[in-house]
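Trainee: Got query.pdb for you, PDB, C-alpha atoms:
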ATOM      1  CA  GLN A   1       2.724 -18.296  -4.199  1.00  0.00           C
ATOM      2  CA  VAL A   2       2.354 -14.959  -2.489  1.00  0.00           C
ATOM      3  CA  GLN A   3      -0.995 -13.637  -1.317  1.00  0.00           C
ATOM      4  CA  VAL A   4      -1.597  -9.977  -0.499  1.00  0.00           C
ATOM      5  CA  VAL A   5      -4.627  -8.947   1.542  1.00  0.00           C
ATOM      6  CA  GLU A   6      -5.672  -5.408   2.444  1.00  0.00           C
ATOM      7  CA  SER A   7      -7.974  -4.320   5.266  1.00  0.00           C
ATOM      8  CA  GLY A   8      -9.047  -1.185   7.083  1.00  0.00           C
ATOM      9  CA  GLY A   9     -10.933   0.761   4.451  1.00  0.00           C
ATOM     10  CA  GLY A  10     -14.176   2.531   5.160  1.00  0.00           C
ATOM     11  CA  SER A  11     -16.023   5.829   5.130  1.00  0.00           C
ATOM     12  CA  VAL A  12     -14.871   8.907   7.001  1.00  0.00           C
ATOM     13  CA  GLN A  13     -15.624  12.612   7.054  1.00  0.00           C
ATOM     14  CA  PRO A  14     -13.117  15.144   5.716  1.00  0.00           C
ATOM     15  CA  GLY A  15     -10.388  15.748   8.267  1.00  0.00           C
ATOM     16  CA  GLY A  16     -10.737  12.255   9.671  1.00  0.00           C
ATOM     17  CA  SER A  17      -8.283   9.377   9.805  1.00  0.00           C
ATOM     18  CA  LEU A  18      -8.081   5.783   8.658  1.00  0.00           C
ATOM     19  CA  ARG A  19      -5.420   3.117   8.979  1.00  0.00           C
ATOM     20  CA  LEU A  20      -4.995   0.544   6.235  1.00  0.00           C
ATOM     21  CA  SER A  21      -3.190  -2.755   6.701  1.00  0.00           C
ATOM     22  CA  CYS A  22      -1.702  -5.074   4.119  1.00  0.00           C
ATOM     23  CA  ALA A  23      -0.391  -8.541   4.893  1.00  0.00           C
ATOM     24  CA  ALA A  24       1.698 -10.673   2.560  1.00  0.00           C
ATOM     25  CA  SER A  25       1.543 -14.424   3.155  1.00  0.00           C
ATOM     26  CA  GLY A  26       2.199 -17.767   1.534  1.00  0.00           C
ATOM     27  CA  SER A  27       5.518 -18.908   0.220  1.00  0.00           C
ATOM     28  CA  ILE A  28       7.865 -15.955   0.707  1.00  0.00           C
ATOM     29  CA  PHE A  29      11.618 -16.322   0.338  1.00  0.00           C
ATOM     30  CA  SER A  30      12.273 -12.582   0.297  1.00  0.00           C
ATOM     31  CA  LEU A  31      10.084  -9.507   0.470  1.00  0.00           C
ATOM     32  CA  ASN A  32      11.487  -6.259  -0.878  1.00  0.00           C
ATOM     33  CA  ALA A  33       9.365  -3.198  -1.491  1.00  0.00           C
ATOM     34  CA  MET A  34       5.732  -2.881  -0.476  1.00  0.00           C
ATOM     35  CA  GLY A  35       3.476  -0.061  -1.417  1.00  0.00           C
ATOM     36  CA  TRP A  36       0.049   1.460  -1.746  1.00  0.00           C
ATOM     37  CA  HIS A  37      -1.608   2.674  -4.933  1.00  0.00           C
ATOM     38  CA  ARG A  38      -5.076   4.083  -5.384  1.00  0.00           C
ATOM     39  CA  GLN A  39      -7.591   4.300  -8.172  1.00  0.00           C
ATOM     40  CA  ALA A  40      -9.911   7.275  -8.024  1.00  0.00           C
ATOM     41  CA  PRO A  41     -13.593   6.975  -9.021  1.00  0.00           C
ATOM     42  CA  GLY A  42     -14.177   7.298 -12.738  1.00  0.00           C
ATOM     43  CA  LYS A  43     -10.523   6.772 -13.591  1.00  0.00           C
ATOM     44  CA  GLN A  44      -9.691   4.337 -16.316  1.00  0.00           C
ATOM     45  CA  ARG A  45      -9.120   0.846 -15.022  1.00  0.00           C
ATOM     46  CA  GLY A  46      -5.434   0.324 -14.645  1.00  0.00           C
ATOM     47  CA  LEU A  47      -4.611   3.959 -13.963  1.00  0.00           C
ATOM     48  CA  ARG A  48      -3.507   3.800 -10.374  1.00  0.00           C
ATOM     49  CA  GLU A  49      -1.657   6.534  -8.544  1.00  0.00           C
ATOM     50  CA  LEU A  50       1.312   5.566  -6.426  1.00  0.00           C
ATOM     51  CA  VAL A  51       0.499   6.790  -2.928  1.00  0.00           C
ATOM     52  CA  ALA A  52       3.377   5.519  -0.801  1.00  0.00           C
ATOM     53  CA  THR A  53       6.102   2.931  -0.926  1.00  0.00           C
ATOM     54  CA  ILE A  54       8.513   1.439   1.571  1.00  0.00           C
ATOM     55  CA  ILE A  55      11.730  -0.278   0.545  1.00  0.00           C
ATOM     56  CA  SER A  56      13.891  -2.421   2.801  1.00  0.00           C
ATOM     57  CA  GLY A  57      17.485  -1.309   3.129  1.00  0.00           C
ATOM     58  CA  SER A  58      20.334  -3.055   4.888  1.00  0.00           C
ATOM     59  CA  ASN A  59      19.701  -1.255   8.174  1.00  0.00           C
ATOM     60  CA  THR A  60      16.643   0.858   7.592  1.00  0.00           C
ATOM     61  CA  ASP A  61      13.542   1.255   5.476  1.00  0.00           C
ATOM     62  CA  TYR A  62      13.210   3.964   2.857  1.00  0.00           C
ATOM     63  CA  THR A  63       9.879   5.613   2.206  1.00  0.00           C
ATOM     64  CA  ASP A  64       8.484   7.737  -0.588  1.00  0.00           C
ATOM     65  CA  TYR A  65       5.155   9.496  -0.991  1.00  0.00           C
ATOM     66  CA  ALA A  66       3.067  11.148  -3.648  1.00  0.00           C
ATOM     67  CA  ASP A  67       3.180  14.930  -3.290  1.00  0.00           C
ATOM     68  CA  SER A  68      -0.564  14.968  -2.687  1.00  0.00           C
ATOM     69  CA  VAL A  69      -0.254  12.958   0.546  1.00  0.00           C
ATOM     70  CA  LYS A  70       3.061  14.143   1.986  1.00  0.00           C
ATOM     71  CA  GLY A  71       2.661  15.285   5.572  1.00  0.00           C
ATOM     72  CA  ARG A  72      -0.707  13.544   5.920  1.00  0.00           C
ATOM     73  CA  PHE A  73      -0.007   9.858   5.222  1.00  0.00           C
ATOM     74  CA  THR A  74       2.594   7.630   6.844  1.00  0.00           C
ATOM     75  CA  ILE A  75       3.660   4.207   5.611  1.00  0.00           C
ATOM     76  CA  SER A  76       5.285   1.761   8.003  1.00  0.00           C
ATOM     77  CA  ARG A  77       6.223  -1.887   8.030  1.00  0.00           C
ATOM     78  CA  ASP A  78       6.324  -4.784  10.466  1.00  0.00           C
ATOM     79  CA  HIS A  79       8.968  -7.097   9.014  1.00  0.00           C
ATOM     80  CA  ALA A  80       8.156  -9.945  11.393  1.00  0.00           C
ATOM     81  CA  LYS A  81       4.556  -9.991  10.187  1.00  0.00           C
ATOM     82  CA  ASN A  82       5.229  -9.168   6.511  1.00  0.00           C
ATOM     83  CA  THR A  83       2.716  -6.394   6.973  1.00  0.00           C
ATOM     84  CA  VAL A  84       2.660  -2.783   5.862  1.00  0.00           C
ATOM     85  CA  TYR A  85       0.415  -0.051   7.225  1.00  0.00           C
ATOM     86  CA  LEU A  86      -0.799   3.232   5.810  1.00  0.00           C
ATOM     87  CA  GLN A  87      -1.858   5.780   8.412  1.00  0.00           C
ATOM     88  CA  MET A  88      -3.985   8.394   6.692  1.00  0.00           C
ATOM     89  CA  ASN A  89      -4.716  11.636   8.530  1.00  0.00           C
ATOM     90  CA  SER A  90      -6.437  14.868   7.516  1.00  0.00           C
ATOM     91  CA  LEU A  91      -8.306  12.989   4.822  1.00  0.00           C
ATOM     92  CA  LYS A  92      -9.785  14.934   1.926  1.00  0.00           C
ATOM     93  CA  PRO A  93     -12.580  14.047  -0.506  1.00  0.00           C
ATOM     94  CA  GLU A  94      -9.981  13.703  -3.250  1.00  0.00           C
ATOM     95  CA  ASP A  95      -8.413  10.824  -1.285  1.00  0.00           C
ATOM     96  CA  THR A  96     -11.476   8.748  -2.134  1.00  0.00           C
ATOM     97  CA  GLY A  97     -10.767   5.633  -4.131  1.00  0.00           C
ATOM     98  CA  VAL A  98      -9.860   1.984  -4.041  1.00  0.00           C
ATOM     99  CA  TYR A  99      -6.525   1.465  -2.335  1.00  0.00           C
ATOM    100  CA  TYR A 100      -4.408  -1.406  -3.568  1.00  0.00           C
ATOM    101  CA  CYS A 101      -1.389  -2.866  -1.845  1.00  0.00           C
ATOM    102  CA  ASN A 102       1.434  -4.553  -3.670  1.00  0.00           C
ATOM    103  CA  ALA A 103       4.445  -6.547  -2.596  1.00  0.00           C
ATOM    104  CA  GLU A 104       7.655  -7.170  -4.506  1.00  0.00           C
ATOM    105  CA  ALA A 105       8.713 -10.661  -3.529  1.00  0.00           C
ATOM    106  CA  ARG A 106      10.366 -13.962  -4.386  1.00  0.00           C
ATOM    107  CA  PRO A 107       8.345 -17.055  -3.439  1.00  0.00           C
ATOM    108  CA  PHE A 108      11.462 -19.238  -3.567  1.00  0.00           C
ATOM    109  CA  ALA A 109      15.191 -18.624  -3.756  1.00  0.00           C
ATOM    110  CA  SER A 110      15.217 -19.556  -7.431  1.00  0.00           C
ATOM    111  CA  SER A 111      12.171 -17.440  -8.299  1.00  0.00           C
ATOM    112  CA  PRO A 112      12.444 -14.160 -10.148  1.00  0.00           C
ATOM    113  CA  LEU A 113      11.382 -11.028  -8.332  1.00  0.00           C
ATOM    114  CA  ASP A 114       7.717 -10.389  -9.047  1.00  0.00           C
ATOM    115  CA  VAL A 115       4.979  -7.997  -7.948  1.00  0.00           C
ATOM    116  CA  TYR A 116       1.863  -9.304  -6.236  1.00  0.00           C
ATOM    117  CA  TRP A 117      -1.323  -7.264  -5.800  1.00  0.00           C
ATOM    118  CA  GLY A 118      -4.182  -7.365  -3.354  1.00  0.00           C
ATOM    119  CA  GLN A 119      -7.849  -7.016  -4.264  1.00  0.00           C
ATOM    120  CA  GLY A 120      -8.126  -3.480  -2.935  1.00  0.00           C
ATOM    121  CA  THR A 121     -10.034  -1.774  -0.158  1.00  0.00           C
ATOM    122  CA  GLN A 122     -12.468   1.117  -0.585  1.00  0.00           C
ATOM    123  CA  VAL A 123     -11.805   4.452   1.100  1.00  0.00           C
ATOM    124  CA  THR A 124     -14.542   7.074   0.943  1.00  0.00           C
ATOM    125  CA  VAL A 125     -14.090  10.585   2.296  1.00  0.00           C
ATOM    126  CA  SER A 126     -17.330  12.496   2.307  1.00  0.00           C
ATOM    127  CA  SER A 127     -19.403  14.763   4.497  1.00  0.00           C
TER
END
Re-express the file's structure as structure tokens.
Mentor:
Amino acid sequence: QVQVVESGGGSVQPGGSLRLSCAASGSIFSLNAMGWHRQAPGKQRGLRELVATIISGSNTDYTDYADSVKGRFTISRDHAKNTVYLQMNSLKPEDTGVYYCNAEARPFASSPLDVYWGQGTQVTVSS
């Protein structure tokens, strides 16, 4: 099956930067969209905010961002490594939360498209 593993979380002061990485591995026939969601502290389990997503097109990748992070966060992808990155700049306390990566993939040619999630990585923005 497909495994998704995040890394790069940590603690930073307001205005600082962090770069998250997410690697998809295992049996992967095709990998479509990848994205980042976050769950803020105290939010009900399962209520995750879509932060950024990147979708593979025929010749380019398409990106989309939550309004709250536009101009501060950048999502990018290394297709050769099945890895997606989230560069987070000008971090604010309200960016604090657990960041989850997901990958929309087919393990085999005959498999249906499914979404696979990582375990999450903690990001804390505090002075």
Trainee: Please produce, as a tab-separated table, a per-residue contact table for segment 41-81 of chain A versus segment 11-18 of chain A (criterion: any atom at most 12 Å away, all atoms listed in the file considered), showing the nearest atom pair and its distance in Å to one decimal, sorted by chain then residue number.
Mentor:
residue	atom	partner	partner_atom	distance
A:Arg72	CA	A:Ser17	CA	9.5
A:Phe73	CA	A:Ser17	CA	9.5
A:Thr74	CA	A:Leu18	CA	11.0
Trainee: Given the file above and the PyMOL selection byres ((chain A and resi 45-59) around 9), which residues are selected, and can you give them as a compact mmCIF listing (two decimals) with C-alpha atoms, in the coordinates of the input?
Mentor:
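Listed below is the output, result19.txt:
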# COMPACT_ATOMS: atom_id res chain seq x y z
CA LEU A 31 10.08 -9.51 0.47
CA ASN A 32 11.49 -6.26 -0.88
CA ALA A 33 9.36 -3.20 -1.49
CA MET A 34 5.73 -2.88 -0.48
CA GLY A 35 3.48 -0.06 -1.42
CA TRP A 36 0.05 1.46 -1.75
CA HIS A 37 -1.61 2.67 -4.93
CA ARG A 38 -5.08 4.08 -5.38
CA GLN A 39 -7.59 4.30 -8.17
CA ALA A 40 -9.91 7.28 -8.02
CA GLY A 42 -14.18 7.30 -12.74
CA LYS A 43 -10.52 6.77 -13.59
CA GLN A 44 -9.69 4.34 -16.32
CA THR A 60 16.64 0.86 7.59
CA ASP A 61 13.54 1.25 5.48
CA TYR A 62 13.21 3.96 2.86
CA THR A 63 9.88 5.61 2.21
CA ASP A 64 8.48 7.74 -0.59
CA TYR A 65 5.16 9.50 -0.99
CA ALA A 66 3.07 11.15 -3.65
CA ASP A 67 3.18 14.93 -3.29
CA SER A 68 -0.56 14.97 -2.69
CA VAL A 69 -0.25 12.96 0.55
CA PHE A 73 -0.01 9.86 5.22
CA THR A 74 2.59 7.63 6.84
CA ILE A 75 3.66 4.21 5.61
CA SER A 76 5.28 1.76 8.00
CA ARG A 77 6.22 -1.89 8.03
CA VAL A 84 2.66 -2.78 5.86
CA LEU A 86 -0.80 3.23 5.81
CA TYR A 99 -6.52 1.46 -2.34
CA TYR A 100 -4.41 -1.41 -3.57
Trainee: I need the residue nearest Gln122 of chain A from this list: A:Thr83, A:Gln1, A:Ser110, A:Ser7. Use all atoms listed in the file for the distance.
Mentor: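 Of the candidates, the smallest distance to Gln122 of chain A is held by A:Ser7.
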Trainee: Separation of atom CA of Leu113 of chain A and atom CA of Tyr85 of chain A, in Å?
Mentor: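 That distance, rounded to one decimal, is 22.0 Å.
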Trainee: If you count all atoms listed in the file, which residues fall within 9 Å of Thr124 of chain A, apart from same-chain ones fewer than 6 positions away, as an NGL selection string?
Mentor: :A and (9-13 or 93 or 95-98)
Trainee: Can you measure atom CA of Thr121 of chain A to atom CA of His79 of chain A for me? One decimal in Å is fine.
Mentor: 21.8 Å
Trainee: As a check of understanding, name the residues that the PyMOL selection byres ((chain A and resi 25) around 6) selects in the supplied structure, as a PyMOL selection string.
Mentor: chain A and resi 2-3+24+26
Trainee: Go ahead and write the residues just picked, C-alpha atoms, as a PDB file, in the frame of the given file.
Mentor:
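So the final result, stored in out.pdb, reads:
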ATOM      1  CA  VAL A   2       2.354 -14.959  -2.489  1.00  0.00           C
ATOM      2  CA  GLN A   3      -0.995 -13.637  -1.317  1.00  0.00           C
ATOM      3  CA  ALA A  24       1.698 -10.673   2.560  1.00  0.00           C
ATOM      4  CA  GLY A  26       2.199 -17.767   1.534  1.00  0.00           C
TER       5      GLY A  26
END
Trainee: With only C-alpha atoms as the atoms that count, which of A:Ala23, A:Val125, A:Ala80, A:Val115 lies nearest to Asn102 of chain A?
Mentor: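 Checking each candidate against Asn102 of chain A, we get A:Val115 as the closest.
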Trainee: To one decimal place in Å, what is the distance between atom CA of Glu104 of chain A and atom CA of Gly71 of chain A?
Mentor: 25.1 Å
Trainee: Let me make sure I understand: among A:Ser126, A:Ser30, A:Gln119, A:Asn89, which one has the smallest atom-to-atom distance to Pro107 of chain A if we use all atoms listed in the file?
Mentor: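 When distances to Pro107 of chain A are compared using all atoms listed in the file, the smallest one comes from A:Ser30.
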Trainee: I'd like to know which of A:Ser127, A:Ser21, A:Asp78, A:Gly120 is closest to Lys92 of chain A, using only C-alpha atoms.
Mentor: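 Smallest distance to Lys92 of chain A is found for A:Ser127.
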Trainee: If the box runs along x, y and z of the file and leaves 6 Å on each side of segment 38-41 of chain A, what are its centre and edge lengths in Å, one decimal, as JSON?
Mentor:
{"center_x": -9.3, "center_y": 5.7, "center_z": -7.2, "size_x": 20.5, "size_y": 15.2, "size_z": 15.6}
